[in-house]
file target.txt (compact mmCIF, C-alpha atoms and all ligand atoms)
# COMPACT_ATOMS: atom_id res chain seq x y z
CA MET A 907 60.59 68.40 121.62
CA LEU A 908 59.05 69.01 118.18
CA ASN A 909 55.65 69.30 119.83
CA LYS A 910 56.98 71.96 122.13
CA VAL A 911 58.42 73.93 119.23
CA TYR A 912 55.09 73.66 117.43
CA ASP A 913 53.17 74.79 120.49
CA TRP A 914 55.53 77.68 121.04
CA ILE A 915 54.98 78.92 117.50
CA ASP A 916 51.25 78.16 117.51
CA GLU A 917 50.75 80.09 120.74
CA ARG A 918 52.15 83.19 119.08
CA LEU A 919 50.89 82.88 115.49
CA ASP A 920 47.86 80.60 115.74
CA ILE A 921 48.95 78.54 112.73
CA THR A 922 46.69 75.53 113.36
CA PRO A 923 43.63 76.91 111.51
CA LEU A 924 45.87 77.78 108.57
CA TRP A 925 47.03 74.29 107.76
CA ARG A 926 43.81 72.65 108.95
CA ASP A 927 41.90 74.66 106.41
CA VAL A 928 44.20 73.51 103.64
CA ALA A 929 44.92 69.94 104.63
CA ASP A 930 42.36 68.60 107.04
CA HIS A 931 39.75 67.05 104.81
CA GLU A 932 38.40 63.57 104.58
CA VAL A 933 39.10 61.76 101.33
CA PRO A 934 35.68 60.86 99.88
CA GLU A 935 35.15 57.15 99.48
CA HIS A 936 34.75 57.25 95.73
CA VAL A 937 38.24 58.67 95.22
CA ASN A 938 39.99 56.34 97.65
CA PRO A 939 41.71 53.38 95.98
CA ALA A 940 41.52 51.51 99.30
CA HIS A 941 37.75 51.32 98.82
CA HIS A 942 37.48 50.94 95.08
CA PHE A 943 40.68 50.01 93.36
CA SER A 944 39.55 51.70 90.16
CA ALA A 945 39.80 54.99 92.03
CA PHE A 946 43.52 54.92 91.25
CA VAL A 947 42.64 57.16 88.31
CA TYR A 948 42.27 59.98 90.83
CA CYS A 949 45.98 59.70 91.63
CA PHE A 950 47.25 61.04 88.33
CA GLY A 951 46.85 64.69 89.26
CA GLY A 952 48.84 64.20 92.43
CA LEU A 953 51.45 62.17 90.56
CA THR A 954 51.80 64.96 88.01
CA PHE A 955 52.44 67.40 90.82
CA PHE A 956 54.93 65.01 92.40
CA VAL A 957 56.95 64.85 89.19
CA VAL A 958 56.77 68.64 88.84
CA VAL A 959 58.32 68.94 92.30
CA ILE A 960 61.07 66.53 91.22
CA GLN A 961 61.65 68.57 88.06
CA VAL A 962 61.91 71.83 89.95
CA LEU A 963 64.27 70.40 92.56
CA SER A 964 66.51 68.45 90.16
CA GLY A 965 66.52 71.45 87.80
CA MET A 966 67.68 73.77 90.57
CA PHE A 967 70.56 71.44 91.36
CA LEU A 968 71.50 70.92 87.70
CA SER A 969 71.86 74.68 87.33
CA MET A 970 74.66 74.58 89.94
CA TYR A 971 76.82 73.09 87.18
CA TYR A 972 75.11 74.04 83.95
CA VAL A 973 76.41 77.01 81.92
CA PRO A 974 74.09 78.50 79.25
CA ASP A 975 76.84 79.43 76.80
CA ILE A 976 77.40 77.92 73.36
CA GLU A 977 81.06 77.18 74.03
CA ARG A 978 80.55 75.66 77.48
CA ALA A 979 77.04 74.25 77.70
CA TRP A 980 77.80 70.82 76.28
CA GLU A 981 80.98 70.49 78.33
CA SER A 982 79.24 71.53 81.52
CA VAL A 983 76.56 68.89 80.96
CA TYR A 984 79.24 66.31 80.13
CA TYR A 985 81.08 67.21 83.30
CA LEU A 986 78.06 67.06 85.58
CA GLN A 987 77.04 63.78 84.00
CA ASN A 988 80.43 62.04 84.23
CA GLN A 989 82.53 63.70 86.91
CA VAL A 990 80.09 64.84 89.55
CA ALA A 991 78.99 62.24 92.10
CA PHE A 992 75.30 61.44 91.49
CA GLY A 993 75.26 63.95 88.64
CA GLN A 994 74.15 61.19 86.33
CA ILE A 995 71.31 60.37 88.71
CA VAL A 996 70.11 63.95 89.06
CA ARG A 997 70.30 64.55 85.33
CA GLY A 998 68.53 61.24 84.81
CA MET A 999 65.74 62.33 87.13
CA HIS A 1000 65.31 65.56 85.20
CA HIS A 1001 65.64 63.85 81.82
CA TRP A 1002 63.15 61.03 82.44
CA GLY A 1003 60.94 63.18 84.64
CA ALA A 1004 60.44 65.53 81.71
CA SER A 1005 58.73 62.73 79.79
CA ILE A 1006 56.95 61.13 82.72
CA VAL A 1007 55.38 64.43 83.74
CA ILE A 1008 53.78 64.71 80.30
CA VAL A 1009 52.46 61.15 80.51
CA MET A 1010 51.00 61.73 83.98
CA MET A 1011 49.42 65.00 82.92
CA PHE A 1012 47.91 63.29 79.92
CA LEU A 1013 46.43 60.47 82.03
CA HIS A 1014 45.07 63.02 84.50
CA THR A 1015 43.45 64.90 81.63
CA LEU A 1016 41.92 61.69 80.30
CA ARG A 1017 40.42 60.97 83.74
CA VAL A 1018 38.89 64.44 83.93
CA PHE A 1019 37.64 64.21 80.38
CA PHE A 1020 36.01 60.79 80.54
CA GLN A 1021 34.43 61.45 83.93
CA GLY A 1022 33.06 64.74 82.68
CA ALA A 1023 34.63 66.38 85.72
CA TYR A 1024 35.24 69.54 83.67
CA LYS A 1025 31.53 70.37 83.55
CA LYS A 1026 29.88 73.19 85.48
CA PRO A 1027 31.05 74.52 87.91
CA ARG A 1028 34.58 73.38 87.06
CA GLU A 1029 35.00 74.88 83.57
CA LEU A 1030 37.55 77.43 84.77
CA ASN A 1031 39.74 74.74 86.20
CA TRP A 1032 39.72 72.92 82.86
CA ILE A 1033 40.92 76.13 81.23
CA VAL A 1034 43.69 76.55 83.81
CA GLY A 1035 44.58 72.90 83.21
CA VAL A 1036 44.95 73.49 79.49
CA LEU A 1037 47.25 76.44 80.23
CA ILE A 1038 49.33 74.20 82.48
CA PHE A 1039 49.49 71.71 79.63
CA PHE A 1040 50.94 74.35 77.28
CA VAL A 1041 53.41 75.62 79.87
CA MET A 1042 54.58 72.06 80.47
CA LEU A 1043 55.08 71.38 76.75
CA ALA A 1044 57.01 74.65 76.51
CA LEU A 1045 59.21 73.57 79.42
CA GLY A 1046 60.04 70.33 77.66
CA LEU A 1047 60.73 72.19 74.44
CA THR A 1048 63.02 74.85 75.92
CA GLY A 1049 64.82 72.36 78.15
CA TYR A 1050 65.58 70.13 75.21
CA LEU A 1051 67.94 72.72 73.68
CA LEU A 1052 70.00 73.18 76.83
CA PRO A 1053 72.46 70.22 76.46
CA TRP A 1054 73.47 71.91 73.16
CA ASP A 1055 74.27 68.74 71.23
CA MET A 1056 73.30 68.07 67.62
CA LYS A 1057 69.98 66.52 68.59
CA ALA A 1058 69.10 69.56 70.70
CA LEU A 1059 70.17 71.96 67.97
CA ASN A 1060 68.27 70.28 65.16
CA ALA A 1061 65.15 69.76 67.24
CA THR A 1062 65.21 73.45 68.07
CA LYS A 1063 65.63 74.42 64.43
CA VAL A 1064 62.50 72.44 63.64
CA THR A 1065 60.69 74.04 66.56
CA LEU A 1066 61.61 77.51 65.33
CA ASP A 1067 60.47 76.53 61.84
CA ILE A 1068 57.10 75.60 63.27
CA ALA A 1069 56.88 78.90 65.15
CA GLN A 1070 57.84 80.72 61.96
CA SER A 1071 54.99 79.13 60.04
CA THR A 1072 52.48 80.99 62.24
CA PRO A 1073 50.38 83.22 60.00
CA LEU A 1074 51.32 86.94 59.91
CA ILE A 1075 53.52 87.14 63.00
CA GLY A 1076 55.60 84.03 62.27
CA ASP A 1077 58.86 85.81 61.40
CA MET A 1078 58.65 88.07 64.44
CA LEU A 1079 57.77 85.21 66.71
CA LYS A 1080 60.74 83.22 65.52
CA THR A 1081 63.14 86.11 66.05
CA LEU A 1082 61.68 86.80 69.47
CA LEU A 1083 62.28 83.17 70.47
CA SER A 1084 65.71 82.70 68.94
CA GLY A 1085 67.13 86.18 69.50
CA ASP A 1086 68.26 86.46 65.88
CA GLU A 1087 66.59 86.43 62.51
CA HIS A 1088 68.84 83.72 61.09
CA ILE A 1089 71.16 82.31 63.71
CA VAL A 1090 70.36 79.62 66.25
CA GLY A 1091 73.23 80.41 68.57
CA ALA A 1092 74.45 82.25 71.63
CA GLU A 1093 71.37 84.39 72.06
CA THR A 1094 69.03 81.48 71.44
CA LEU A 1095 70.62 79.41 74.17
CA THR A 1096 70.50 82.18 76.80
CA ARG A 1097 66.90 82.95 75.91
CA PHE A 1098 65.81 79.35 76.11
CA PHE A 1099 67.66 78.99 79.38
CA ALA A 1100 65.99 82.03 80.93
CA ILE A 1101 62.59 80.91 79.70
CA HIS A 1102 63.19 77.36 80.90
CA VAL A 1103 64.40 78.07 84.42
CA PHE A 1104 62.70 81.38 85.32
CA PHE A 1105 59.73 82.40 83.21
CA LEU A 1106 57.96 79.09 82.71
CA PRO A 1107 58.47 77.62 86.21
CA ALA A 1108 57.08 80.88 87.66
CA ALA A 1109 54.08 80.66 85.35
CA LEU A 1110 53.67 76.97 86.14
CA LEU A 1111 53.69 77.45 89.90
CA GLY A 1112 51.19 80.32 89.61
CA LEU A 1113 48.83 78.23 87.50
CA ILE A 1114 49.19 75.18 89.75
CA GLY A 1115 48.37 77.43 92.71
CA LEU A 1116 45.17 78.54 90.98
CA HIS A 1117 44.38 74.94 90.04
CA PHE A 1118 44.61 73.77 93.67
CA LEU A 1119 42.81 76.81 95.03
CA MET A 1120 39.84 76.03 92.82
CA ILE A 1121 39.88 72.35 93.78
CA ARG A 1122 39.95 73.34 97.45
CA LYS A 1123 37.03 75.71 96.93
CA GLN A 1124 34.88 73.39 94.81
CA GLY A 1125 35.88 70.01 96.19
CA ILE A 1126 36.48 66.95 94.06
CA SER A 1127 33.71 66.06 91.62
CA GLY A 1128 31.17 63.49 92.80
CA PRO A 1129 30.99 59.76 91.97
CA LEU A 1130 29.79 58.76 88.54
CA MET B 621 30.54 119.10 99.10
CA SER B 622 28.42 119.14 95.99
CA GLU B 623 30.21 122.21 94.55
CA GLN B 624 33.47 120.34 94.63
CA ARG B 625 33.99 118.69 91.32
CA VAL B 626 36.57 116.30 92.69
CA THR B 627 36.24 114.90 96.17
CA ARG B 628 39.24 114.33 98.39
CA ARG B 629 38.73 110.59 98.05
CA GLN B 630 38.57 110.77 94.27
CA PHE B 631 41.64 112.97 94.17
CA LEU B 632 43.59 110.55 96.29
CA SER B 633 42.56 107.50 94.31
CA TYR B 634 43.40 109.20 90.99
CA THR B 635 46.77 110.19 92.38
CA ILE B 636 47.51 106.71 93.59
CA MET B 637 46.39 105.15 90.33
CA GLY B 638 48.48 107.63 88.37
CA VAL B 639 51.61 107.17 90.43
CA GLY B 640 51.11 103.42 90.64
CA GLY B 641 50.54 103.16 86.91
CA PHE B 642 53.62 105.24 86.22
CA MET B 643 55.72 103.06 88.50
CA ALA B 644 54.41 99.86 86.93
CA VAL B 645 55.05 101.05 83.38
CA ALA B 646 58.43 102.52 84.24
CA SER B 647 59.61 99.24 85.71
CA VAL B 648 58.16 96.85 83.14
CA MET B 649 58.77 98.87 79.96
CA PRO B 650 62.59 98.61 79.98
CA MET B 651 62.37 94.86 80.48
CA LEU B 652 59.97 94.34 77.61
CA ARG B 653 61.98 96.60 75.31
CA MET B 654 65.05 94.54 76.16
CA ALA B 655 63.27 91.27 75.39
CA VAL B 656 61.98 92.39 71.98
CA ASP B 657 65.23 94.05 70.90
CA PRO B 658 66.18 91.32 68.40
CA VAL B 659 62.84 91.75 66.62
CA LEU B 660 63.27 95.49 66.23
CA GLN B 661 66.88 95.41 65.13
CA VAL B 662 67.42 96.41 61.53
CA GLU B 663 69.54 93.86 59.80
CA ALA B 664 72.98 95.03 58.87
CA GLY B 665 73.80 91.99 56.74
CA GLY B 666 72.33 93.22 53.48
CA ASP B 667 75.70 93.23 51.76
CA PHE B 668 76.95 90.73 49.22
CA ILE B 669 79.85 88.32 49.69
CA ALA B 670 82.37 87.61 46.96
CA THR B 671 82.62 83.98 45.90
CA THR B 672 85.59 82.44 44.10
CA VAL B 673 83.45 81.78 41.05
CA LYS B 674 83.72 83.69 37.78
CA VAL B 675 80.36 84.17 36.10
CA ASP B 676 81.80 82.92 32.78
CA GLU B 677 82.51 79.55 34.34
CA LEU B 678 78.86 78.95 35.16
CA THR B 679 76.99 76.52 32.95
CA ASN B 680 73.44 75.28 32.93
CA GLU B 681 74.52 72.47 35.27
CA PRO B 682 74.15 73.38 38.99
CA THR B 683 77.55 73.54 40.69
CA ARG B 684 78.25 73.78 44.34
CA VAL B 685 79.63 77.15 45.46
CA ASP B 686 80.95 77.67 48.98
CA PHE B 687 81.54 81.14 50.33
CA GLN B 688 82.52 82.49 53.72
CA PHE B 689 81.84 85.50 55.83
CA GLU B 690 82.24 86.69 59.38
CA GLN B 691 79.06 86.23 61.36
CA GLU B 692 78.23 88.12 64.51
CA ASP B 693 76.06 86.23 66.93
CA GLY B 694 75.65 88.49 69.94
CA TRP B 695 79.01 88.39 71.66
CA TYR B 696 80.45 85.70 69.35
CA THR B 697 82.14 86.28 66.06
CA SER B 698 82.78 83.30 63.86
CA ASN B 699 83.50 82.36 60.29
CA VAL B 700 80.60 80.61 58.65
CA THR B 701 80.53 78.85 55.33
CA GLN B 702 77.40 79.04 53.22
CA THR B 703 76.69 76.78 50.29
CA ALA B 704 74.75 77.51 47.12
CA TRP B 705 73.87 75.48 44.03
CA VAL B 706 74.47 77.86 41.15
CA TYR B 707 73.66 77.60 37.43
CA LYS B 708 72.49 79.67 34.49
CA ASP B 709 68.99 79.01 33.27
CA ASP B 710 67.90 78.98 29.60
CA LYS B 711 67.67 82.77 29.50
CA GLY B 712 71.18 83.08 30.91
CA GLU B 713 69.81 84.24 34.26
CA ILE B 714 71.84 83.12 37.29
CA ILE B 715 70.00 80.96 39.82
CA ALA B 716 71.59 80.40 43.26
CA LEU B 717 69.69 77.88 45.37
CA SER B 718 70.05 77.17 49.07
CA PRO B 719 70.83 73.51 49.84
CA VAL B 720 68.67 73.57 52.98
CA CYS B 721 65.75 71.20 52.54
CA LYS B 722 62.36 72.82 53.06
CA HIS B 723 61.13 69.78 54.92
CA LEU B 724 63.25 69.55 58.05
CA GLY B 725 66.45 71.27 57.04
CA CYS B 726 68.77 68.52 55.81
CA THR B 727 71.19 69.23 52.98
CA VAL B 728 70.08 68.50 49.44
CA ASN B 729 72.40 67.39 46.64
CA TRP B 730 72.21 67.79 42.88
CA ASN B 731 71.94 64.66 40.82
CA SER B 732 73.02 62.43 43.69
CA ASN B 733 70.35 59.78 43.36
CA LYS B 734 70.48 57.44 40.36
CA ASP B 735 66.71 57.02 40.33
CA HIS B 736 66.14 60.75 40.10
CA PRO B 737 68.58 62.21 37.61
CA ASN B 738 68.78 65.98 37.22
CA GLN B 739 66.88 66.69 40.38
CA PHE B 740 67.87 67.85 43.84
CA PHE B 741 67.60 64.97 46.28
CA CYS B 742 67.33 65.09 50.07
CA PRO B 743 68.58 61.86 51.68
CA CYS B 744 66.70 62.36 54.94
CA HIS B 745 63.18 61.61 53.78
CA LYS B 746 63.64 61.37 50.02
CA GLY B 747 62.63 64.95 49.26
CA LEU B 748 62.92 65.96 45.60
CA TYR B 749 63.21 69.29 43.80
CA GLU B 750 63.37 70.22 40.14
CA LYS B 751 66.41 72.03 38.83
CA ASP B 752 64.83 75.44 39.47
CA GLY B 753 64.19 74.49 43.10
CA THR B 754 60.50 73.70 42.76
CA ASN B 755 59.57 70.91 45.13
CA VAL B 756 58.22 67.76 43.54
CA PRO B 757 54.64 67.15 44.75
CA GLY B 758 54.22 63.99 46.76
CA THR B 759 57.62 64.32 48.44
CA PRO B 760 57.97 65.81 51.95
CA PRO B 761 59.22 69.38 51.26
CA ARG B 762 56.67 72.12 51.88
CA GLY B 763 57.93 74.57 49.30
CA PRO B 764 60.61 75.43 46.77
CA LEU B 765 64.25 75.82 47.79
CA ASP B 766 65.24 79.28 49.03
CA ARG B 767 67.29 81.48 46.70
CA TYR B 768 70.29 83.69 47.29
CA LYS B 769 70.31 87.13 45.75
CA TYR B 770 73.31 87.72 43.54
CA LYS B 771 75.38 90.47 42.03
CA VAL B 772 78.11 90.41 39.42
CA LYS B 773 81.14 92.65 39.84
CA ASP B 774 84.20 92.44 37.59
CA GLY B 775 83.00 89.09 36.33
CA VAL B 776 82.91 87.64 39.84
CA LEU B 777 79.78 86.21 41.43
CA TYR B 778 78.66 87.85 44.69
CA LEU B 779 75.96 86.21 46.79
CA SER B 780 73.78 87.50 49.63
CA ARG B 781 74.59 86.16 53.10
CA ARG B 782 71.23 84.50 53.51
CA ALA B 783 68.90 82.81 51.10
CA SER B 784 65.30 83.96 51.17
CA ALA B 785 62.07 82.16 50.49
CA VAL B 786 60.65 82.26 47.00
CA ARG B 787 57.33 84.09 47.11
CA GLY B 788 54.22 82.81 45.45
CA ALA B 789 55.91 79.74 44.01
C1 LIG C 1201 57.97 70.54 84.64
C2 LIG C 1201 59.11 71.13 84.62
C3 LIG C 1201 60.32 70.86 83.71
C4 LIG C 1201 60.44 70.09 82.57
C5 LIG C 1201 59.35 69.31 81.85
C6 LIG C 1201 61.83 70.18 82.14
C7 LIG C 1201 62.38 69.57 81.00
C8 LIG C 1201 63.73 69.55 80.67
C9 LIG C 1201 64.33 68.81 79.59
C10 LIG C 1201 63.58 67.92 78.59
C11 LIG C 1201 65.68 69.03 79.61
C12 LIG C 1201 66.75 68.36 78.71
C13 LIG C 1201 67.43 67.31 79.58
C14 LIG C 1201 68.21 66.27 78.87
O1 LIG C 1201 67.96 66.02 77.68
O2 LIG C 1201 69.05 65.66 79.54
C15 LIG C 1201 65.95 69.94 80.67
C16 LIG C 1201 67.21 70.42 81.02
C17 LIG C 1201 67.47 71.34 82.03
N1 LIG C 1201 66.54 71.88 82.91
FE1 LIG C 1201 64.56 71.45 82.96
N2 LIG C 1201 62.51 70.99 83.03
C18 LIG C 1201 61.62 71.43 84.00
C19 LIG C 1201 61.90 72.26 85.05
C20 LIG C 1201 63.14 72.86 85.33
C21 LIG C 1201 63.39 73.81 86.38
C22 LIG C 1201 62.34 74.33 87.37
C23 LIG C 1201 64.73 74.13 86.32
C24 LIG C 1201 65.56 75.08 87.17
C25 LIG C 1201 65.16 75.93 88.04
C26 LIG C 1201 65.30 73.38 85.22
C27 LIG C 1201 66.65 73.42 84.84
C28 LIG C 1201 67.21 72.72 83.78
C29 LIG C 1201 68.62 72.75 83.44
C30 LIG C 1201 69.72 73.57 84.12
C31 LIG C 1201 68.77 71.87 82.32
C32 LIG C 1201 70.09 71.57 81.54
C33 LIG C 1201 70.81 70.36 82.10
C34 LIG C 1201 70.64 69.10 81.27
O3 LIG C 1201 70.41 69.20 80.07
O4 LIG C 1201 70.74 68.01 81.84
N3 LIG C 1201 64.31 72.62 84.63
N4 LIG C 1201 64.74 70.26 81.31
S1 LIG C 1202 64.56 66.94 55.55
FE1 LIG C 1202 64.66 66.80 53.41
S2 LIG C 1202 63.07 65.40 53.00
FE2 LIG C 1202 62.93 65.59 55.16

call {"tool": "encode", "arguments": {"input": "target.txt", "output": "structure tokens"}}
result
Amino acid sequence: MLNKVYDWIDERLDITPLWRDVADHEVPEHVNPAHHFSAFVYCFGGLTFFVVVIQVLSGMFLSMYYVPDIERAWESVYYLQNQVAFGQIVRGMHHWGASIVIVMMFLHTLRVFFQGAYKKPRELNWIVGVLIFFVMLALGLTGYLLPWDMKALNATKVTLDIAQSTPLIGDMLKTLLSGDEHIVGAETLTRFFAIHVFFLPAALLGLIGLHFLMIRKQGISGPL
Amino acid sequence: MSEQRVTRRQFLSYTIMGVGGFMAVASVMPMLRMAVDPVLQVEAGGDFIATTVKVDELTNEPTRVDFQFEQEDGWYTSNVTQTAWVYKDDKGEIIALSPVCKHLGCTVNWNSNKDHPNQFFCPCHKGLYEKDGTNVPGTPPRGPLDRYKYKVKDGVLYLSRRASAVRGA
């Protein structure tokens, strides 16, 4: 049945070369943990991506209940955590995933660094990787404010302090982030929310696309 | 062809670039202007708030002064209470210090720690400040306490809504 559907579509659109080109490659022996167990270090990139997918999905579902408003945010999180079936699980996935994704990314970076896989011709992909790193840290930072409890509020005040200590443009930067020169409040929460769920995920997916495109083009780096 | 200063192809590509550029700017500009609005807004809160303190009552010992005003945060209006540590220095000048620690923003207290008399003490990470707000070297704070601007009207102390950083100190 499924085969027939596939054939029907393929006959009209010729999709086989499309996915073959992307997916149909042999895994080189030196990156296959089945051959050399130590090759597990090559898994960290894929694991990072896996957690990113979890973050995006769980985040999308959290925003079915979450309200980015200073009077309702905390209550909406409390509600989804305690009243909604599996809400605790989904929030837990997003909460722990946010840390795990950083750990995975860090391990992946260590692998690339110590194998020297960033060297010519892969310098550009190292640069894109560093951008991904910043976007990911920014996601963690902006997401942290969203539950709007005291921990979130104080952590954000410290964050804004750090931004403000930037030479020359510090004051402007802080106001741009928090939406007000002095107040961490209504406008800060909506800004952080918009940045967290729209701007940064869009940037992240774009960068990850570039990252994978370059890997596809250049192949994985050779054995040591 | 050579007498024509602009070829048909050039004309078309200029036109397309022009129209395309206009469309791109016209669609993105309003969004960017909207995003940076808070930065460009001129602050209205330059006015001073009356406290309940008479200037005559002030001594050279810092006292805690609370004052309230209505704060507008976007679409929220709320009453906020600000706190200042106020005293008169040797020259009779009024000093109004913010209690917000310049390390990570906890609240400092005057003379609250027995080991450090006549200093401002921050309980969070043991930050210390002299009476005039200068941070004690070797403790966590990165600078002196912020100061409120003040005004005296009919013997009553008025303070600015926000404290501002002390320059050059
Ligand atoms: C790599 C990507 C992401 C990271 C690292 C991340 C990180 C975080 C963090 C640290 C929190 C605070 C959670 C807590 O303390 O419980 C949070 C909350 C939230 N995030 Fe994300 N996030 C990511 C992607 C997304 C995406 C793509 C969306 C939506 C499209 C999203 C929607 C939300 C929402 C609605 C909340 C508030 C709910 C809550 O606090 O439990 N996130 N995020
Ligand atoms: S916050 Fe005051 S010493 Fe750290």

call {"tool": "atom_distance", "arguments": {"input": "target.txt", "atom1": "atom C25 of ligand LIG 1201 (chain C)", "atom2": "CA of Val1103 in chain A"}}
result
4.3 Å

call {"tool": "residues_near_ligand", "arguments": {"input": "target.txt", "ligand": "ligand LIG 1201 (chain C)", "cutoff": "6 Å", "atoms": "all atoms listed in the file", "output": "compact mmCIF listing (two decimals) with C-alpha atoms, keeping the file's coordinate frame"}}
result
# COMPACT_ATOMS: atom_id res chain seq x y z
CA VAL A 958 56.77 68.64 88.84
CA GLN A 961 61.65 68.57 88.06
CA VAL A 962 61.91 71.83 89.95
CA GLY A 965 66.52 71.45 87.80
CA MET A 966 67.68 73.77 90.57
CA LEU A 968 71.50 70.92 87.70
CA SER A 969 71.86 74.68 87.33
CA TYR A 972 75.11 74.04 83.95
CA VAL A 983 76.56 68.89 80.96
CA ARG A 997 70.30 64.55 85.33
CA HIS A 1001 65.64 63.85 81.82
CA ALA A 1004 60.44 65.53 81.71
CA MET A 1042 54.58 72.06 80.47
CA LEU A 1045 59.21 73.57 79.42
CA GLY A 1046 60.04 70.33 77.66
CA GLY A 1049 64.82 72.36 78.15
CA TYR A 1050 65.58 70.13 75.21
CA LEU A 1052 70.00 73.18 76.83
CA PRO A 1053 72.46 70.22 76.46
CA VAL A 1103 64.40 78.07 84.42
CA PRO A 1107 58.47 77.62 86.21

call {"tool": "residues_around", "arguments": {"input": "target.txt", "residues": "range 686-703 of chain B", "least_positions_apart": "3", "cutoff": "8 Å", "atoms": "only C-alpha atoms", "output": "list of chain:residue names"}}
result
A:Asp1086, A:Ile1089, A:Gly1091, A:Ala1092, A:Glu1093, B:Ile669, B:Ala670, B:Thr671, B:Thr672, B:Ser718, B:Pro719, B:Arg781

call {"tool": "atom_distance", "arguments": {"input": "target.txt", "atom1": "CA of His1000 in chain A", "atom2": "CA of Ile960 in chain A"}}
result
7.4 Å

call {"tool": "interface_residues", "arguments": {"input": "target.txt", "of": "chain A", "to": "chain B", "cutoff": "12 Å", "atoms": "all atoms listed in the file", "output": "ChimeraX atom specification"}}
result
/A:975-977,1059-1068,1071,1075-1097,1100-1101

call {"tool": "build_atoms", "arguments": {"input": "target.txt", "residues": "range 728-743 of chain B", "atoms": "N, CA and C atoms", "output": "short mmCIF file (atom, residue, chain, number, x, y, z; two decimals), in the coordinates of the input"}}
result
data_model
loop_
_atom_site.label_atom_id
_atom_site.label_comp_id
_atom_site.auth_asym_id
_atom_site.auth_seq_id
_atom_site.Cartn_x
_atom_site.Cartn_y
_atom_site.Cartn_z
N VAL B 728 70.42 69.18 50.70
CA VAL B 728 70.08 68.50 49.44
C VAL B 728 71.29 68.51 48.51
N ASN B 729 71.32 67.52 47.60
CA ASN B 729 72.40 67.39 46.64
C ASN B 729 71.84 67.33 45.24
N TRP B 730 72.63 67.85 44.29
CA TRP B 730 72.21 67.79 42.88
C TRP B 730 72.59 66.47 42.28
N ASN B 731 71.62 65.82 41.63
CA ASN B 731 71.94 64.66 40.82
C ASN B 731 72.62 63.54 41.60
N SER B 732 72.29 63.38 42.87
CA SER B 732 73.02 62.43 43.69
C SER B 732 72.32 61.08 43.77
N ASN B 733 71.08 61.03 43.28
CA ASN B 733 70.35 59.78 43.36
C ASN B 733 70.10 59.24 41.94
N LYS B 734 70.56 58.00 41.71
CA LYS B 734 70.48 57.44 40.36
C LYS B 734 69.05 57.37 39.84
N ASP B 735 68.10 57.15 40.77
CA ASP B 735 66.71 57.02 40.33
C ASP B 735 66.10 58.36 39.95
N HIS B 736 66.73 59.44 40.38
CA HIS B 736 66.14 60.75 40.10
C HIS B 736 67.19 61.67 39.49
N PRO B 737 67.54 61.41 38.23
CA PRO B 737 68.58 62.21 37.61
C PRO B 737 68.10 63.64 37.40
N ASN B 738 69.07 64.56 37.45
CA ASN B 738 68.78 65.98 37.22
C ASN B 738 67.69 66.54 38.11
N GLN B 739 67.74 66.09 39.37
CA GLN B 739 66.88 66.69 40.38
C GLN B 739 67.71 66.87 41.64
N PHE B 740 67.24 67.75 42.53
CA PHE B 740 67.87 67.85 43.84
C PHE B 740 67.24 66.79 44.74
N PHE B 741 68.10 66.07 45.46
CA PHE B 741 67.60 64.97 46.28
C PHE B 741 68.00 65.19 47.74
N CYS B 742 67.03 65.00 48.65
CA CYS B 742 67.33 65.09 50.07
C CYS B 742 67.33 63.69 50.64
N PRO B 743 68.47 63.24 51.21
CA PRO B 743 68.58 61.86 51.68
C PRO B 743 67.77 61.58 52.93
#
